[in-house]
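Undergrad: Just so it is clear, I am handing over model26.cif, which has mmCIF, C-alpha atoms and all ligand atoms.
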data_coords
#
loop_
_atom_site.label_atom_id
_atom_site.label_comp_id
_atom_site.auth_asym_id
_atom_site.auth_seq_id
_atom_site.Cartn_x
_atom_site.Cartn_y
_atom_site.Cartn_z
CA MET R 1 0.00 0.00 0.00
CA ILE R 2 1.25 3.49 -0.84
CA LYS R 3 2.22 5.55 2.17
CA HIS R 4 2.65 9.29 2.48
CA LEU R 5 4.11 10.99 5.52
CA ILE R 6 3.33 14.68 6.01
CA LYS R 7 6.09 15.99 8.23
CA GLY R 8 6.69 19.08 10.29
CA GLY R 9 3.51 21.07 9.63
CA THR R 10 1.14 22.83 11.99
CA LEU R 11 -1.75 20.42 12.10
CA ILE R 12 -5.21 21.83 12.73
CA ASP R 13 -8.09 19.44 13.25
CA PRO R 14 -11.01 21.21 14.91
CA SER R 15 -13.00 17.95 14.92
CA ARG R 16 -10.65 16.79 17.68
CA GLY R 17 -9.39 20.09 19.06
CA ILE R 18 -5.88 19.51 17.68
CA ASN R 19 -3.73 22.51 16.86
CA GLY R 20 0.02 22.00 16.98
CA SER R 21 3.11 20.48 15.48
CA TYR R 22 2.28 16.95 14.33
CA ASP R 23 3.21 14.47 11.62
CA LEU R 24 0.49 12.62 9.73
CA LEU R 25 0.83 9.22 8.08
CA ILE R 26 -1.41 8.16 5.21
CA GLU R 27 -1.74 4.52 4.24
CA GLY R 28 -3.68 3.82 1.06
CA ASP R 29 -6.74 6.08 1.03
CA ARG R 30 -7.00 6.53 4.81
CA ILE R 31 -5.30 8.42 7.61
CA LYS R 32 -3.22 5.91 9.54
CA ARG R 33 -1.68 7.92 12.35
CA VAL R 34 -1.25 11.42 13.75
CA ASP R 35 1.62 11.86 16.18
CA GLU R 36 4.26 14.29 17.35
CA GLU R 37 7.01 12.51 15.45
CA ILE R 38 6.43 9.64 13.03
CA PHE R 39 9.20 7.60 11.42
CA GLU R 40 8.17 5.47 8.48
CA PRO R 41 10.96 4.52 6.05
CA GLU R 42 8.58 3.18 3.42
CA ALA R 43 6.60 6.40 3.12
CA GLU R 44 7.02 9.17 0.62
CA ILE R 45 7.71 12.35 2.60
CA ILE R 46 5.72 15.53 2.09
CA ASP R 47 7.57 18.38 3.76
CA ALA R 48 5.08 20.70 5.47
CA LYS R 49 7.51 22.86 7.43
CA GLY R 50 6.06 26.36 7.83
CA LEU R 51 2.73 25.17 6.42
CA VAL R 52 -0.71 24.41 7.84
CA VAL R 53 -2.10 20.89 7.48
CA ALA R 54 -5.89 20.70 7.75
CA PRO R 55 -8.84 18.53 6.70
CA GLY R 56 -9.66 19.04 3.02
CA PHE R 57 -12.23 21.81 2.74
CA VAL R 58 -15.90 21.05 2.13
CA ASP R 59 -18.00 23.44 0.04
CA LEU R 60 -21.77 23.08 0.20
CA HIS R 61 -22.41 25.43 -2.73
CA VAL R 62 -20.76 25.29 -6.16
CA HIS R 63 -22.07 25.60 -9.71
CA PHE R 64 -20.22 23.27 -12.10
CA ARG R 65 -22.69 23.92 -14.99
CA ASP R 66 -22.49 20.30 -16.10
CA PRO R 67 -24.62 19.15 -17.89
CA GLY R 68 -25.66 21.94 -20.19
CA GLN R 69 -23.45 25.01 -19.84
CA THR R 70 -19.98 23.55 -19.98
CA TYR R 71 -18.56 26.63 -21.71
CA LYS R 72 -18.69 28.25 -18.24
CA GLU R 73 -17.36 25.27 -16.28
CA ASP R 74 -17.58 21.50 -16.34
CA ILE R 75 -16.99 18.77 -13.83
CA LEU R 76 -13.31 18.46 -14.77
CA SER R 77 -12.45 22.18 -14.70
CA GLY R 78 -14.63 22.61 -11.62
CA SER R 79 -12.86 19.74 -9.84
CA LYS R 80 -9.44 21.16 -10.70
CA THR R 81 -10.50 24.57 -9.42
CA ALA R 82 -11.85 23.03 -6.23
CA VAL R 83 -8.69 21.14 -5.34
CA ALA R 84 -6.56 24.18 -6.22
CA GLY R 85 -8.61 26.01 -3.58
CA GLY R 86 -8.07 23.22 -1.03
CA TYR R 87 -11.52 21.65 -1.41
CA THR R 88 -11.82 17.87 -1.49
CA THR R 89 -15.63 17.68 -1.24
CA VAL R 90 -18.13 19.95 -2.99
CA VAL R 91 -21.89 19.95 -3.36
CA CYS R 92 -22.88 21.01 -6.85
CA MET R 93 -26.08 22.92 -7.41
CA PRO R 94 -28.80 21.44 -9.61
CA ASN R 95 -29.51 24.52 -11.75
CA THR R 96 -27.94 22.78 -14.71
CA ASN R 97 -29.52 21.99 -18.06
CA PRO R 98 -31.26 19.63 -17.63
CA PRO R 99 -31.58 20.30 -13.91
CA ILE R 100 -30.66 17.58 -11.45
CA ASP R 101 -34.24 16.47 -10.91
CA THR R 102 -33.93 12.87 -12.08
CA PRO R 103 -31.72 10.05 -10.80
CA GLN R 104 -30.17 9.81 -14.28
CA THR R 105 -28.80 13.34 -14.16
CA ALA R 106 -27.57 12.87 -10.58
CA GLN R 107 -25.83 9.65 -11.61
CA TYR R 108 -24.24 11.43 -14.57
CA VAL R 109 -22.64 13.98 -12.21
CA VAL R 110 -21.48 11.33 -9.75
CA ALA R 111 -20.07 9.05 -12.45
CA LYS R 112 -18.25 11.82 -14.31
CA ALA R 113 -16.70 13.18 -11.10
CA ASN R 114 -15.62 9.69 -10.00
CA CYS R 115 -14.10 9.07 -13.37
CA TYR R 116 -11.74 12.07 -12.90
CA GLY R 117 -11.26 11.22 -9.22
CA LEU R 118 -9.93 14.66 -8.28
CA CYS R 119 -12.61 15.85 -5.90
CA ARG R 120 -15.69 14.37 -4.26
CA VAL R 121 -18.51 16.00 -6.20
CA LEU R 122 -21.83 15.37 -4.51
CA PRO R 123 -24.96 16.54 -6.29
CA ALA R 124 -27.82 18.44 -4.74
CA GLY R 125 -31.14 17.50 -6.28
CA THR R 126 -33.86 20.03 -7.05
CA ILE R 127 -36.68 20.55 -4.56
CA THR R 128 -39.18 20.87 -7.39
CA LYS R 129 -39.35 19.32 -10.83
CA GLY R 130 -37.63 21.54 -13.38
CA ARG R 131 -37.01 24.07 -10.57
CA LYS R 132 -40.45 25.39 -11.44
CA GLY R 133 -41.66 25.56 -7.85
CA VAL R 134 -44.83 23.59 -8.51
CA GLU R 135 -44.33 19.87 -7.96
CA LEU R 136 -41.92 18.15 -5.57
CA SER R 137 -39.09 16.11 -7.10
CA ASP R 138 -38.79 12.45 -6.19
CA PHE R 139 -36.48 12.87 -3.20
CA TYR R 140 -36.21 9.12 -2.60
CA SER R 141 -34.84 8.21 -5.99
CA LEU R 142 -32.61 11.30 -6.05
CA LYS R 143 -31.14 10.41 -2.68
CA GLU R 144 -30.60 6.86 -3.89
CA ALA R 145 -28.72 8.27 -6.87
CA GLY R 146 -26.35 10.19 -4.61
CA CYS R 147 -28.00 13.54 -3.83
CA VAL R 148 -26.95 14.82 -0.42
CA ALA R 149 -29.29 17.84 -0.24
CA PHE R 150 -32.18 19.48 -2.08
CA THR R 151 -32.42 23.04 -3.37
CA ASP R 152 -33.81 25.01 -6.32
CA ASP R 153 -30.85 27.38 -5.97
CA GLY R 154 -30.80 30.29 -8.36
CA SER R 155 -34.51 30.48 -7.61
CA PRO R 156 -36.29 30.39 -4.27
CA VAL R 157 -39.06 27.96 -3.40
CA MET R 158 -41.87 30.52 -3.25
CA ASP R 159 -44.74 28.20 -2.29
CA ALA R 160 -44.79 27.75 1.50
CA GLY R 161 -46.86 24.58 1.14
CA ILE R 162 -44.18 22.96 -1.01
CA MET R 163 -41.44 24.08 1.33
CA ARG R 164 -43.35 22.60 4.25
CA LYS R 165 -43.72 19.25 2.49
CA ALA R 166 -40.03 19.26 1.55
CA LEU R 167 -39.09 19.86 5.18
CA GLU R 168 -41.40 17.07 6.34
CA LEU R 169 -39.68 14.71 3.93
CA SER R 170 -36.27 15.88 5.13
CA VAL R 171 -37.10 14.44 8.55
CA GLN R 172 -37.56 10.97 7.07
CA LEU R 173 -34.67 11.23 4.63
CA LYS R 174 -32.26 12.98 7.00
CA VAL R 175 -31.20 15.29 4.20
CA PRO R 176 -31.10 19.10 4.47
CA ILE R 177 -33.43 21.29 2.45
CA MET R 178 -31.48 24.30 1.23
CA ASN R 179 -33.14 27.48 0.06
CA HIS R 180 -32.02 30.49 -1.93
CA CYS R 181 -34.02 32.98 0.12
CA GLU R 182 -35.14 35.93 -1.99
CA ASP R 183 -38.84 36.50 -2.58
CA ASP R 184 -39.40 36.79 -6.34
CA ASN R 185 -42.07 39.44 -5.85
CA LEU R 186 -39.64 41.70 -4.03
CA ALA R 187 -36.36 40.71 -5.66
CA ARG R 188 -37.00 41.92 -9.17
CA GLY R 189 -34.00 44.15 -9.75
CA ALA R 190 -30.28 43.75 -10.27
CA ILE R 191 -28.47 44.98 -7.17
CA ASN R 192 -29.06 45.84 -3.52
CA GLU R 193 -31.62 48.56 -2.94
CA GLY R 194 -29.55 51.36 -1.49
CA GLU R 195 -27.16 54.17 -2.23
CA VAL R 196 -25.48 52.55 -5.20
CA SER R 197 -28.71 51.54 -6.94
CA ALA R 198 -29.94 55.13 -6.47
CA LEU R 199 -26.69 56.59 -7.73
CA LEU R 200 -26.53 54.39 -10.82
CA GLY R 201 -30.27 54.36 -11.43
CA ILE R 202 -30.25 50.58 -11.58
CA SER R 203 -33.16 48.37 -10.60
CA SER R 204 -32.82 46.85 -7.17
CA ARG R 205 -33.72 43.99 -4.83
CA PRO R 206 -34.11 44.96 -1.17
CA PRO R 207 -32.81 43.03 1.85
CA GLU R 208 -36.38 42.31 2.97
CA ALA R 209 -36.75 40.07 -0.09
CA GLU R 210 -34.23 37.81 1.61
CA ASP R 211 -35.41 38.31 5.19
CA VAL R 212 -39.04 37.33 4.58
CA LEU R 213 -38.17 33.96 3.06
CA ASN R 214 -35.45 33.34 5.61
CA ALA R 215 -38.00 33.96 8.39
CA ARG R 216 -40.65 31.82 6.68
CA ASP R 217 -38.26 28.91 6.31
CA CYS R 218 -37.09 29.17 9.91
CA ILE R 219 -40.73 29.09 11.03
CA LEU R 220 -41.42 26.05 8.84
CA ALA R 221 -38.33 24.28 10.19
CA TYR R 222 -39.50 25.08 13.73
CA TYR R 223 -42.93 23.52 13.18
CA THR R 224 -41.95 20.54 11.02
CA GLY R 225 -38.73 19.57 12.79
CA GLY R 226 -37.15 19.48 9.34
CA HIS R 227 -33.62 20.64 8.62
CA VAL R 228 -33.46 23.87 6.66
CA HIS R 229 -30.16 25.20 5.43
CA ILE R 230 -30.25 28.90 4.52
CA GLN R 231 -27.97 29.53 1.58
CA HIS R 232 -25.71 32.58 1.19
CA LEU R 233 -26.97 34.71 4.10
CA THR R 234 -26.30 38.42 3.51
CA THR R 235 -28.32 40.62 5.87
CA ALA R 236 -27.94 41.82 9.45
CA LEU R 237 -31.59 41.11 10.19
CA GLY R 238 -31.18 37.63 8.72
CA VAL R 239 -28.59 36.89 11.39
CA ASP R 240 -31.08 37.90 14.12
CA ILE R 241 -33.81 35.76 12.58
CA ILE R 242 -31.58 32.70 12.49
CA ARG R 243 -30.27 33.27 15.98
CA HIS R 244 -33.82 33.54 17.30
CA PHE R 245 -35.03 30.29 15.76
CA LYS R 246 -31.86 28.40 16.62
CA GLU R 247 -32.39 29.41 20.23
CA LYS R 248 -35.90 27.98 20.00
CA GLY R 249 -34.39 24.66 18.95
CA ALA R 250 -35.29 24.64 15.25
CA LYS R 251 -32.99 22.62 13.04
CA ILE R 252 -31.43 25.46 11.07
CA THR R 253 -28.00 25.76 9.55
CA CYS R 254 -26.69 28.51 7.32
CA GLU R 255 -23.77 29.49 5.15
CA VAL R 256 -22.04 32.69 4.10
CA ASN R 257 -20.25 33.41 0.84
CA PRO R 258 -16.77 34.89 1.49
CA ASN R 259 -17.47 37.61 -1.09
CA HIS R 260 -20.26 38.90 1.15
CA LEU R 261 -17.69 39.28 3.93
CA ILE R 262 -15.33 41.59 2.05
CA PHE R 263 -17.37 43.46 -0.56
CA THR R 264 -20.15 45.97 -0.06
CA GLU R 265 -22.47 47.26 -2.78
CA GLU R 266 -19.84 49.91 -3.51
CA GLU R 267 -17.76 47.24 -5.21
CA LEU R 268 -20.20 47.56 -8.12
CA LEU R 269 -18.74 51.01 -8.80
CA ARG R 270 -15.30 49.46 -9.24
CA SER R 271 -15.95 46.00 -10.69
CA GLY R 272 -19.24 46.50 -12.53
CA GLY R 273 -20.90 43.27 -13.66
CA ASN R 274 -18.27 41.13 -11.94
CA ALA R 275 -19.64 42.33 -8.60
CA ARG R 276 -23.21 41.38 -9.44
CA VAL R 277 -24.41 38.36 -7.49
CA ASN R 278 -27.66 37.08 -5.97
CA PRO R 279 -28.35 37.79 -3.21
CA PRO R 280 -26.55 41.06 -3.89
CA LEU R 281 -23.60 42.69 -2.15
CA ARG R 282 -25.07 44.77 0.66
CA ARG R 283 -24.11 47.52 3.12
CA LYS R 284 -21.19 47.81 5.51
CA GLU R 285 -23.56 47.19 8.45
CA ASP R 286 -24.60 43.86 6.95
CA LEU R 287 -21.03 42.82 6.35
CA GLU R 288 -20.10 43.65 9.95
CA ALA R 289 -23.10 41.70 11.25
CA LEU R 290 -22.10 38.67 9.17
CA LYS R 291 -18.55 38.77 10.50
CA LYS R 292 -19.83 39.00 14.07
CA ALA R 293 -22.22 36.10 13.44
CA LEU R 294 -19.35 34.01 12.08
CA SER R 295 -17.23 34.67 15.14
CA GLU R 296 -20.17 33.86 17.44
CA GLY R 297 -20.97 30.59 15.68
CA ILE R 298 -24.42 31.68 14.45
CA ILE R 299 -23.24 31.09 10.89
CA ASP R 300 -22.37 27.42 10.52
CA CYS R 301 -20.12 27.37 7.52
CA VAL R 302 -18.45 29.15 4.64
CA ALA R 303 -19.67 28.19 1.15
CA THR R 304 -18.24 29.77 -1.98
CA ASP R 305 -21.30 29.83 -4.29
CA HIS R 306 -18.68 29.43 -7.04
CA ALA R 307 -20.79 30.71 -9.96
CA PRO R 308 -18.87 30.84 -13.22
CA HIS R 309 -20.12 32.89 -16.17
CA ALA R 310 -18.51 33.73 -19.52
CA PRO R 311 -17.26 37.28 -20.18
CA PHE R 312 -20.08 37.96 -22.68
CA GLU R 313 -22.61 37.18 -19.92
CA LYS R 314 -21.13 39.76 -17.55
CA GLY R 315 -20.45 43.25 -18.98
CA ARG R 316 -22.90 45.94 -17.82
CA VAL R 317 -24.26 45.74 -14.29
CA ASP R 318 -27.91 45.93 -15.31
CA SER R 319 -27.70 43.09 -17.82
CA ALA R 320 -24.98 40.91 -16.25
CA MET R 321 -25.77 37.39 -15.09
CA PRO R 322 -25.41 37.14 -11.31
CA GLY R 323 -22.56 35.17 -9.82
CA ILE R 324 -18.92 35.30 -8.74
CA ILE R 325 -16.35 32.51 -8.92
CA GLY R 326 -14.92 31.68 -5.53
CA LEU R 327 -13.22 28.33 -5.06
CA GLN R 328 -9.66 29.67 -5.30
CA THR R 329 -10.26 32.93 -3.45
CA ALA R 330 -12.11 31.61 -0.39
CA LEU R 331 -8.98 30.69 1.58
CA PRO R 332 -7.23 34.07 1.07
CA ILE R 333 -10.42 35.93 2.01
CA MET R 334 -10.92 33.85 5.14
CA LEU R 335 -7.25 34.14 6.14
CA ASN R 336 -7.67 37.88 5.88
CA LEU R 337 -10.45 37.67 8.48
CA VAL R 338 -8.12 35.63 10.68
CA GLU R 339 -5.51 38.37 10.30
CA GLU R 340 -8.16 40.98 11.23
CA GLY R 341 -8.90 39.04 14.42
CA VAL R 342 -12.49 38.13 13.46
CA LEU R 343 -11.71 34.41 13.70
CA SER R 344 -8.99 32.10 14.93
CA LEU R 345 -7.27 29.92 12.35
CA GLU R 346 -8.88 26.92 14.03
CA ASP R 347 -12.36 28.47 13.71
CA MET R 348 -11.69 29.19 10.05
CA VAL R 349 -10.74 25.58 9.40
CA ARG R 350 -13.83 24.38 11.27
CA LEU R 351 -16.13 26.61 9.20
CA MET R 352 -14.57 25.26 6.00
CA SER R 353 -14.35 21.56 6.84
CA ALA R 354 -15.87 19.90 9.93
CA ASN R 355 -19.01 22.05 10.06
CA PRO R 356 -20.10 21.75 6.41
CA ALA R 357 -19.31 18.01 6.48
CA ARG R 358 -21.61 17.60 9.47
CA ILE R 359 -24.44 19.48 7.76
CA ILE R 360 -24.62 16.94 4.94
CA GLY R 361 -23.53 14.01 7.09
CA VAL R 362 -20.53 12.87 5.06
CA GLU R 363 -17.32 11.30 6.28
CA ALA R 364 -15.08 14.32 5.76
CA GLY R 365 -13.71 17.32 7.59
CA THR R 366 -11.56 15.39 10.06
CA LEU R 367 -8.00 14.11 10.38
CA GLU R 368 -9.00 11.29 12.67
CA GLU R 369 -7.18 7.96 12.29
CA GLY R 370 -9.21 5.81 9.91
CA ALA R 371 -10.89 8.74 8.14
CA PRO R 372 -10.48 9.24 4.39
CA ALA R 373 -7.16 10.96 3.71
CA ASP R 374 -8.66 14.23 2.42
CA ILE R 375 -6.13 16.89 3.36
CA VAL R 376 -5.16 20.44 2.45
CA ILE R 377 -1.69 21.85 3.06
CA PHE R 378 -1.50 25.60 2.75
CA ASP R 379 0.89 28.48 3.25
CA PRO R 380 -1.04 31.19 5.12
CA LYS R 381 1.48 33.88 4.15
CA LYS R 382 2.29 33.19 0.50
CA GLU R 383 1.22 35.96 -1.85
CA TRP R 384 -0.03 35.30 -5.35
CA VAL R 385 -2.20 36.83 -8.06
CA LEU R 386 -5.32 35.27 -9.56
CA SER R 387 -4.56 35.41 -13.29
CA GLU R 388 -4.57 33.37 -16.50
CA GLU R 389 -1.57 31.44 -15.12
CA THR R 390 -3.03 30.58 -11.73
CA ASN R 391 -6.77 30.28 -12.44
CA PHE R 392 -8.15 26.77 -12.98
CA SER R 393 -11.74 27.74 -13.72
CA LYS R 394 -13.03 28.24 -17.25
CA SER R 395 -14.38 31.58 -16.05
CA LYS R 396 -12.84 34.63 -14.41
CA ASN R 397 -15.81 36.59 -13.10
CA THR R 398 -14.56 37.94 -9.80
CA PRO R 399 -13.64 41.40 -8.51
CA LEU R 400 -10.47 39.72 -7.22
CA TRP R 401 -9.14 38.98 -10.73
CA GLY R 402 -5.59 40.37 -11.03
CA LYS R 403 -5.42 41.21 -7.33
CA VAL R 404 -2.70 40.15 -4.92
CA LEU R 405 -4.06 37.49 -2.57
CA ARG R 406 -2.43 36.19 0.62
CA GLY R 407 -2.58 32.48 1.44
CA LYS R 408 -2.06 29.69 -1.04
CA VAL R 409 -2.82 26.01 -1.25
CA ILE R 410 0.45 24.11 -1.65
CA CYS R 411 -0.87 20.57 -1.85
CA THR R 412 -4.27 18.88 -1.80
CA ILE R 413 -4.71 15.20 -1.11
CA LYS R 414 -7.95 13.35 -1.74
CA GLY R 415 -8.34 9.75 -0.66
CA GLY R 416 -4.59 9.45 -0.18
CA LYS R 417 -3.82 10.72 -3.69
CA VAL R 418 -2.08 14.01 -4.38
CA VAL R 419 -4.63 15.81 -6.58
CA HIS R 420 -3.11 19.28 -6.59
CA LYS R 421 0.42 20.64 -6.15
CA ASP R 422 1.39 24.31 -6.26
CA ASN R 423 3.47 24.93 -9.40
O1 LIG S 501 -25.45 34.90 -8.08
C1 LIG S 501 -25.94 33.79 -8.20
N1 LIG S 501 -25.55 32.98 -9.21
N2 LIG S 501 -26.84 33.37 -7.33
C2 LIG S 501 -27.50 32.22 -7.50
O2 LIG S 501 -28.29 31.88 -6.68
C3 LIG S 501 -27.29 31.40 -8.71
C4 LIG S 501 -25.96 31.61 -9.24
C5 LIG S 501 -25.77 31.04 -10.61
O3 LIG S 501 -26.21 29.94 -10.89
O4 LIG S 501 -25.07 31.69 -11.41
ZN ZN S 502 -28.36 30.97 -4.66
#
As a first step, turn the structure in this file into structure tokens.

TA:
Amino acid sequence: MIKHLIKGGTLIDPSRGINGSYDLLIEGDRIKRVDEEIFEPEAEIIDAKGLVVAPGFVDLHVHFRDPGQTYKEDILSGSKTAVAGGYTTVVCMPNTNPPIDTPQTAQYVVAKANCYGLCRVLPAGTITKGRKGVELSDFYSLKEAGCVAFTDDGSPVMDAGIMRKALELSVQLKVPIMNHCEDDNLARGAINEGEVSALLGISSRPPEAEDVLNARDCILAYYTGGHVHIQHLTTALGVDIIRHFKEKGAKITCEVNPNHLIFTEEELLRSGGNARVNPPLRRKEDLEALKKALSEGIIDCVATDHAPHAPFEKGRVDSAMPGIIGLQTALPIMLNLVEEGVLSLEDMVRLMSANPARIIGVEAGTLEEGAPADIVIFDPKKEWVLSEETNFSKSKNTPLWGKVLRGKVICTIKGGKVVHKDN
């Protein structure tokens, strides 16, 4: 059996409260041993001096556009981008063409990802057939085919009756129901309703569009006992709503997109269409509330909402497709928050690995002996620029394009196999 020995790194495993200088031995596809000093002559050595060794990151929200829109991304380019960002498990959204609303499409995603073997790509199935919001998908057969969650992401589930049924089923299936919370009747415009929309004279979508559906879903989770996962939370009031219903014992988890932690609506003035995303970039007060919620543990995990689009689909703010790529920029953004003192490095790793893994109930996000050897090794200080040379995605729609970023993935290991190496 092939053995790898990661030596001399700072090992952080929040699942076991480990944070210190440890060696880690991999045998085959599993973690064999974690100890202060390991000697194993048969193992290939990976030198991690000066680097951080952590569980491979888990992203509950990526768009790989496969099947149907593979000019933006596909399962291969998406997997390469994921592992370059330190992710070894991702949940891909079902707003593909066709959508992931049949077991056949789910199996296609699973089989294609397994065939490349770079990253664990787990599909989310749609909540409703065709993402039309009218008729529930067949959750049983979709779960059987490998779906680990359900969402109509890109669109909200507007019908409270359907959402209630979905949550009731989630109790039986033990699978989270995720919702893109933005009420269609309020969220008609392009960007946040505020100073920038007024200045530019661009149509807008107010924060209450998000808050009303967030509140509705928390209430439905409270009554049904179902597990709701609120996707890409962006508002200060949304934090209060979630805190309130968590305190009442409702089964609620939520995620934040790193871009919503560093950019306000003003970024639209600099980056134009590349700063357009749904839900939109909001105000400084919202951003501060999200950071506080992260540090207090109200927000459960970081999810990139990696949403690739081609250059011709971006352009002007008012006509641009919403979405920002994010798999390779998440770590630098989060390390910046660590630097700012918002989070400890250990908390950051927990929000990017153990916590999201727990939400979907997969064996990941831990460096425990016997666990799959899914590992990221990163240099928290290394500076680099996201450019044609370093980008693995087919798309480049991010305000961070061409910017100097701090913190780089040096090596990613999935199931004991090195799947990404810096340079
Ligand atoms: O900005 C977004 N882009 N928000 C979504 O919910 C969907 C996503 C996409 O698919 O591009
Ligand atoms: Zn969404």

Undergrad: Need the shell around R:Ser204: protein/DNA/RNA residues with any atom at most 10 Å away, counting all atoms listed in the file. Skip same-chain ones fewer than 3 positions apart. Format as a compact mmCIF listing (two decimals) with C-alpha atoms, in the coordinates of the input?

TA:
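Below you can see result-v1.txt, which holds the result:
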# COMPACT_ATOMS: atom_id res chain seq x y z
CA LEU R 186 -39.64 41.70 -4.03
CA ALA R 187 -36.36 40.71 -5.66
CA ARG R 188 -37.00 41.92 -9.17
CA GLY R 189 -34.00 44.15 -9.75
CA ALA R 190 -30.28 43.75 -10.27
CA ILE R 191 -28.47 44.98 -7.17
CA ASN R 192 -29.06 45.84 -3.52
CA GLU R 193 -31.62 48.56 -2.94
CA GLY R 194 -29.55 51.36 -1.49
CA VAL R 196 -25.48 52.55 -5.20
CA SER R 197 -28.71 51.54 -6.94
CA ALA R 198 -29.94 55.13 -6.47
CA GLY R 201 -30.27 54.36 -11.43
CA PRO R 207 -32.81 43.03 1.85
CA PRO R 280 -26.55 41.06 -3.89
CA ASP R 318 -27.91 45.93 -15.31

Undergrad: To one decimal in Å, tell me the separation between atom CA of R:Val109 and atom CA of R:Gly125.

TA: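 Atom CA of R:Gly125 lies 10.9 Å from atom CA of R:Val109.
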
Undergrad: Can you pull out every residue within 8 Å of R:Ala166, counting all atoms listed in the file, but drop anything in the same chain fewer than 3 positions away, and send it as a list in words?

TA: Ile127, Leu136, Ile162, Met163, Leu169, Ser170 and Ile177 of chain R

Undergrad: Residues up to 6 Å from ligand ZN 502 (chain S), counting all atoms listed in the file: could you list those as number ranges by chain?

TA: R: 153-154, 180

Undergrad: What does the structure give for the distance between atom CA of R:Glu346 and atom CA of R:Gly365, in Å to one decimal?

TA: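 These atoms are spaced 12.5 Å apart.
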
Undergrad: Mind pulling up the distance from atom CA of R:Pro14 to atom CA of R:Val83?

TA: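 Computed distance, atom CA of R:Val83 to atom CA of R:Pro14, equals 20.4 Å.
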
Undergrad: Could you list, as a list of chain:residue names, every residue within 12 Å of R:Gly297, counting only C-alpha atoms and ignoring same-chain residues fewer than 2 positions away?

TA: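 Returned residues: R:Val239, R:Ile242, R:Arg243, R:Lys246, R:Thr253, R:Cys254, R:Glu255, R:Val256, R:Leu290, R:Lys291, R:Lys292, R:Ala293, R:Leu294, R:Ser295, R:Ile299, R:Asp300, R:Cys301, R:Val302, R:Val342, R:Leu343, R:Asp347, R:Met348, R:Arg350, R:Leu351, R:Asn355.
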
Undergrad: Please produce a file of those selected residues containing C-alpha atoms, as an mmCIF file, keeping the file's coordinate frame.

TA:
data_model
loop_
_atom_site.group_PDB
_atom_site.id
_atom_site.type_symbol
_atom_site.label_atom_id
_atom_site.label_comp_id
_atom_site.auth_asym_id
_atom_site.auth_seq_id
_atom_site.Cartn_x
_atom_site.Cartn_y
_atom_site.Cartn_z
ATOM 1 C CA VAL R 239 -28.590 36.890 11.390
ATOM 2 C CA ILE R 242 -31.580 32.700 12.490
ATOM 3 C CA ARG R 243 -30.270 33.270 15.980
ATOM 4 C CA LYS R 246 -31.860 28.400 16.620
ATOM 5 C CA THR R 253 -28.000 25.760 9.550
ATOM 6 C CA CYS R 254 -26.690 28.510 7.320
ATOM 7 C CA GLU R 255 -23.770 29.490 5.150
ATOM 8 C CA VAL R 256 -22.040 32.690 4.100
ATOM 9 C CA LEU R 290 -22.100 38.670 9.170
ATOM 10 C CA LYS R 291 -18.550 38.770 10.500
ATOM 11 C CA LYS R 292 -19.830 39.000 14.070
ATOM 12 C CA ALA R 293 -22.220 36.100 13.440
ATOM 13 C CA LEU R 294 -19.350 34.010 12.080
ATOM 14 C CA SER R 295 -17.230 34.670 15.140
ATOM 15 C CA ILE R 299 -23.240 31.090 10.890
ATOM 16 C CA ASP R 300 -22.370 27.420 10.520
ATOM 17 C CA CYS R 301 -20.120 27.370 7.520
ATOM 18 C CA VAL R 302 -18.450 29.150 4.640
ATOM 19 C CA VAL R 342 -12.490 38.130 13.460
ATOM 20 C CA LEU R 343 -11.710 34.410 13.700
ATOM 21 C CA ASP R 347 -12.360 28.470 13.710
ATOM 22 C CA MET R 348 -11.690 29.190 10.050
ATOM 23 C CA ARG R 350 -13.830 24.380 11.270
ATOM 24 C CA LEU R 351 -16.130 26.610 9.200
ATOM 25 C CA ASN R 355 -19.010 22.050 10.060
#

Undergrad: Please determine, counting all atoms listed in the file, which residue among R:Ile377, R:Ala310, R:Leu405, R:Met93 has the shortest atom-to-atom distance to R:Ala48.

TA: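 Under the stated criterion, the closest residue is R:Ile377.
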
Undergrad: Mind listing the residues within 10 Å of ligand LIG 501 (chain S), only C-alpha atoms and all ligand atoms counted, as a ChimeraX atom specification?

TA: /R:61-65,72,93-96,152-156,179-182,231-232,275-281,305-309,321-325

Undergrad: Give me the residues within 9 Å of R:Gly272 as a list in words, counting only C-alpha atoms and dropping any in the same chain fewer than 6 places off.

TA: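 Skipping anything fewer than 6 positions along the chain leaves Lys314, Gly315, Arg316, Val317, Ala320 and Pro399 of chain R.
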
Undergrad: I'd like to know which of R:Leu386, R:Ile75, R:Ala111, R:Leu287 is closest to R:Gly326, using only C-alpha atoms.

TA: R:Leu386

Undergrad: For R:Ala371, work out the shell of residues within 10 Å, counting all atoms listed in the file and skipping chain neighbours fewer than 4 positions away, then give it as a PDB file with C-alpha atoms, in the coordinates of the input.

TA:
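Result saved to out-v9.pdb:
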ATOM      1  CA  ILE R  26      -1.410   8.160   5.210  1.00  0.00           C
ATOM      2  CA  ASP R  29      -6.740   6.080   1.030  1.00  0.00           C
ATOM      3  CA  ARG R  30      -7.000   6.530   4.810  1.00  0.00           C
ATOM      4  CA  ILE R  31      -5.300   8.420   7.610  1.00  0.00           C
ATOM      5  CA  LYS R  32      -3.220   5.910   9.540  1.00  0.00           C
ATOM      6  CA  GLU R 363     -17.320  11.300   6.280  1.00  0.00           C
ATOM      7  CA  ALA R 364     -15.080  14.320   5.760  1.00  0.00           C
ATOM      8  CA  GLY R 365     -13.710  17.320   7.590  1.00  0.00           C
ATOM      9  CA  THR R 366     -11.560  15.390  10.060  1.00  0.00           C
ATOM     10  CA  LEU R 367      -8.000  14.110  10.380  1.00  0.00           C
ATOM     11  CA  GLY R 415      -8.340   9.750  -0.660  1.00  0.00           C
TER      12      GLY R 415
END
